[in-house]
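Inspection log for the structure reproduced underneath, given as structure tokens.
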Amino acid sequence: MHASKTSYTPYHCATCADEARSALVVALIGDDMARVDIDGDLIECDISLVDAIAVGDSVLVHGGVAIAHDAGDGTDRPACTPDRHSAESRK
Amino acid sequence: MKYVDEYRDPQLAQQIAAEITEVSAGRRLKLMEVCGGHTHTIYKHGIEDLLPRTIDLVHGPGCPVCVLPMGRIDDAIAIAETDGVIFTTFGDMMRVPGSRGSLLDARARGADIRFVYSPLDALKLARQNPDKQVVFFAIGFETTAPSTAVTLLRAQAEAISNFSVFCNHVAVIPAIKAILDSPDLQLDGFIGPGHVSMVIGLQPYEFIARDHHKPVVIAGFEPLDIIQSVAMIVRQIVAAQPAVENQYGRVVRPEGNRKALEAMARTMELRPFFEWRGLGFINDSALKLRADFAPWDAELRFDVPGLRIDDPKACQCGEVLRGAIKPWECGVFGTACTPETPIGTCMVSSEGACAAYFNYGRFSMASERIELT
């Protein structure tokens with residue numbers, strides 16, 4: 001049920017780095033589980049800790065469990081876009 | 001790559017770095033990145049080389065593999081070598097040396113030790129092997145603890161009796177408190193752990209700004225995330241207005257993940273004390289299973305030595321983890337201790353400061369900074 005395959009680079013161990021990986025939800029498969037795409041690898045992960053997950057959402061997955069939505073869609077992007085950064089710099 | 005390329009723009013990185021140079025105006029600042037993932041990003045992308053030499057990035061205790069003391073490795077091996085046990089663990093833990101070798105060595109001696117990506121994989125093994133006892137070696141900060149909690153709740157709901165957890169989860173805030181109380185390290189600010197914070201939120205860090213007058217900026221893991229966080233910290237210092245700020249707004253919510261916190265609270269509670277490599281025993285700094293989950297607690301189910309083991313004398317992981325020395329200042333760095341033949345934990349995990357520096361940082365100007373201190 002839970003795939004072991006990962007696509008992490010040799011020098012990056014996400015399991016122990018306390019760093020989650022961004023994943024795209026491709027299917028909801030019941031029992032609070034979803035199939036997600038992490039850099040081309042499909043794994044099944046638990047989605048019981050994140051509200052309102054839908055196919056097409058981006059989530060952050062750590063240890064086979066989704067723990068947050070990844071809202072990297074620009075709506076609340078941090079100030080490292082040039083305009084906003086420049087605006088902050090002038091404060 | 002979606003959501004990644006925009007955080008690796010070299011021109012923007014140079015622009016922010018120039019602003020840091022201008023705003024910091026030659027101040028000598030020592031900033032700690034708490035998270036091992038940040039350490040990895042800093043070395044991989046040469047971020048220290050972009051910053052003014054007067055700003056020193058100190059690598060903190062945020063690699064959970066690195067802070068686990070040798071005695072717990074020995075306990076894990078004792079469980080793994082018990083007849084009828086399938087012992088499951090995250091990849092990096094396989095190579096961490098205990099006093100009797102590593103889990104890899106134990107596997108070579110015949111123990112059934114398997115790598116898993118998720119504790120849910122271990123639970124699946126338990127379902128598939130009802131005649132075996134399947135044990136999961138749980139380590140990590142608050143990013144990882146929710147996956148253990150979810151697995152325990154599923155084990156309880158399904159009444160899976162041949163599964164248990166050897167719990168070594170630790171909490172980041174007590175470690176930061178220990179560092180703040182350390183007399184040999186004077187820090188000017190913290191780059192806060194992004195993914196721990198998406199679980200615990202921002203409130204737990206407020207004491208750092210309020211009581212210790214140090215800035216905290218919760219940061220993402222891309223190069224621009226780190227550089228911008230340094231800029232935000234420097235601006236706080238120059239303005240003399242320490243606060244907790246969230247650079248990683250695309251992921252971290254101020255309140256954290258309440259469902260994850262609730263799952264952790266249902267399954268785990270604080271240990272009275274726990275030993276951290278480099279930091280010693282810290283009160284209320286680690287998690288154990290609640291009494292309700294005693295049937296799934298490997299420490300109650302199996303005999304473990306429970307001994308405290310001193311680190312090898314040549315290894316200076318402790319000083320590295322406290323930020324007291326840089327990796328290359330350790331006497332065995334890059335000679336007796338390499339990623340292929342690690343002596344200390346900081347050289348085992350890719351997020352360990354020594355391994356990250358060995359893999360990426362040997363040619364950076366970072367070593368020149370020591371001349372300025």
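Convention: chains lettered A, B, ... in structure tokens order; per-chain residue numbering from 1; ligands numbered from 1 as shown.
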
Near chain A, meaning an atom within 7 Å, which residues of chain B appear when counting only C-alpha atoms? Write them as a ChimeraX atom specification. /B:3,12,36-37,63-65,90,116-121,140-141,143-144,147,195-196,224,228,247-251,259-260,350-351

For the residues in that selection, give me N, CA and C atoms as a CSV table (one decimal), in the first residue's frame.
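Dumped to out.csv:
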chain,number,residue,atom,x,y,z
B,3,TYR,N,7.6,26.1,-8.4
B,3,TYR,CA,7.8,26.6,-7.1
B,3,TYR,C,9.2,26.6,-6.6
B,12,LEU,N,18.7,37.8,-8.2
B,12,LEU,CA,18.0,38.3,-7.0
B,12,LEU,C,18.8,38.0,-5.8
B,36,GLY,N,18.9,21.2,10.1
B,36,GLY,CA,19.9,20.6,9.2
B,36,GLY,C,19.6,20.8,7.8
B,37,GLY,N,18.3,20.9,7.4
B,37,GLY,CA,18.0,21.1,6.0
B,37,GLY,C,18.5,22.5,5.5
B,63,CYS,N,19.8,18.5,13.1
B,63,CYS,CA,19.8,17.2,12.4
B,63,CYS,C,19.5,16.1,13.4
B,64,PRO,N,18.3,15.5,13.3
B,64,PRO,CA,17.9,14.6,14.3
B,64,PRO,C,18.8,13.4,14.4
B,65,VAL,N,19.4,13.0,13.3
B,65,VAL,CA,20.4,11.9,13.3
B,65,VAL,C,21.6,12.3,14.2
B,90,PHE,N,14.6,4.7,9.1
B,90,PHE,CA,15.0,5.6,8.0
B,90,PHE,C,16.4,5.3,7.6
B,116,VAL,N,12.9,1.8,5.6
B,116,VAL,CA,11.5,2.3,5.2
B,116,VAL,C,11.6,3.8,5.0
B,117,TYR,N,10.6,4.2,4.1
B,117,TYR,CA,10.5,5.6,3.9
B,117,TYR,C,9.5,6.2,4.9
B,118,SER,N,8.6,5.4,5.4
B,118,SER,CA,7.5,5.9,6.2
B,118,SER,C,7.2,4.9,7.3
B,119,PRO,N,6.8,5.4,8.5
B,119,PRO,CA,6.4,4.4,9.5
B,119,PRO,C,5.2,3.6,9.1
B,120,LEU,N,4.4,4.2,8.1
B,120,LEU,CA,3.3,3.4,7.6
B,120,LEU,C,3.8,2.2,6.8
B,121,ASP,N,5.0,2.3,6.2
B,121,ASP,CA,5.6,1.1,5.6
B,121,ASP,C,5.8,0.0,6.6
B,140,GLY,N,13.4,12.2,14.9
B,140,GLY,CA,13.0,13.4,14.2
B,140,GLY,C,12.4,14.4,15.1
B,141,PHE,N,12.3,15.6,14.6
B,141,PHE,CA,11.7,16.7,15.3
B,141,PHE,C,10.2,16.7,15.0
B,143,THR,N,8.5,17.8,12.7
B,143,THR,CA,8.1,17.5,11.3
B,143,THR,C,7.8,16.0,11.2
B,144,THR,N,8.6,15.2,11.8
B,144,THR,CA,8.5,13.7,11.6
B,144,THR,C,7.5,13.1,12.6
B,147,SER,N,4.0,11.8,11.6
B,147,SER,CA,3.8,10.6,10.8
B,147,SER,C,3.8,9.4,11.8
B,195,HIS,N,10.0,23.6,8.4
B,195,HIS,CA,9.0,22.5,8.4
B,195,HIS,C,8.6,22.1,9.8
B,196,VAL,N,9.5,22.2,10.8
B,196,VAL,CA,9.0,22.1,12.1
B,196,VAL,C,7.9,23.1,12.4
B,224,LEU,N,17.1,31.4,-2.0
B,224,LEU,CA,16.6,32.8,-1.8
B,224,LEU,C,15.9,32.9,-0.4
B,228,GLN,N,17.1,35.7,2.0
B,228,GLN,CA,16.1,36.7,2.4
B,228,GLN,C,15.9,36.7,4.0
B,247,GLN,N,9.3,34.1,7.1
B,247,GLN,CA,9.6,34.3,5.7
B,247,GLN,C,9.0,33.2,4.8
B,248,TYR,N,8.6,32.1,5.4
B,248,TYR,CA,8.1,30.9,4.7
B,248,TYR,C,6.6,30.9,4.7
B,249,GLY,N,6.0,32.0,4.4
B,249,GLY,CA,4.5,32.1,4.4
B,249,GLY,C,3.8,31.3,3.5
B,250,ARG,N,4.5,30.8,2.4
B,250,ARG,CA,3.7,29.9,1.5
B,250,ARG,C,3.4,28.5,2.1
B,251,VAL,N,4.0,28.2,3.2
B,251,VAL,CA,3.8,26.9,3.9
B,251,VAL,C,3.4,27.1,5.3
B,259,LYS,N,-4.2,19.7,13.6
B,259,LYS,CA,-4.5,18.3,13.5
B,259,LYS,C,-3.2,17.5,13.8
B,260,ALA,N,-2.1,17.9,13.3
B,260,ALA,CA,-0.9,17.2,13.6
B,260,ALA,C,-0.5,17.3,15.1
B,350,SER,N,23.4,13.5,5.6
B,350,SER,CA,23.7,14.5,4.7
B,350,SER,C,23.3,15.9,5.2
B,351,GLU,N,22.4,16.0,6.2
B,351,GLU,CA,22.1,17.2,6.8
B,351,GLU,C,23.0,17.6,8.0

Can you pull out every residue within 9 Å of Ala27 in chain A, counting only C-alpha atoms, but drop anything in the same chain fewer than 2 positions away, and send it as number ranges by chain? A: 25, 29, 33-36, 54-56

When distances are computed from only C-alpha atoms, which of B:Gly46, B:Met94, B:Gln156, B:Ile325 shows the smallest separation from Leu123 in chain B?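 Counting only C-alpha atoms, the residue closest to Leu123 in chain B is B:Gln156.
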
With a distance cut-off of 10 Å and only C-alpha atoms, select the neighbouring residues of range 308-323 of chain B, excluding the residue or stretch itself and same-chain residues fewer than 5 positions from it, and output the selection as a PyMOL selection string. chain B and resi 32-34+57-63+66-67+69-74+97-99+175+178-179+182+184-187+275-280+328-333+336-337+342-347+352-354

Pick out each residue of range 27-241 of chain B that DSSP on the backbone tags as helix (DSSP H, G or I); I need them as a VMD selection string. chain B and resid 36 to 44 47 to 50 64 to 67 70 to 80 91 to 95 103 to 108 119 to 128 145 to 157 172 to 180 194 to 200 203 to 212 223 to 239
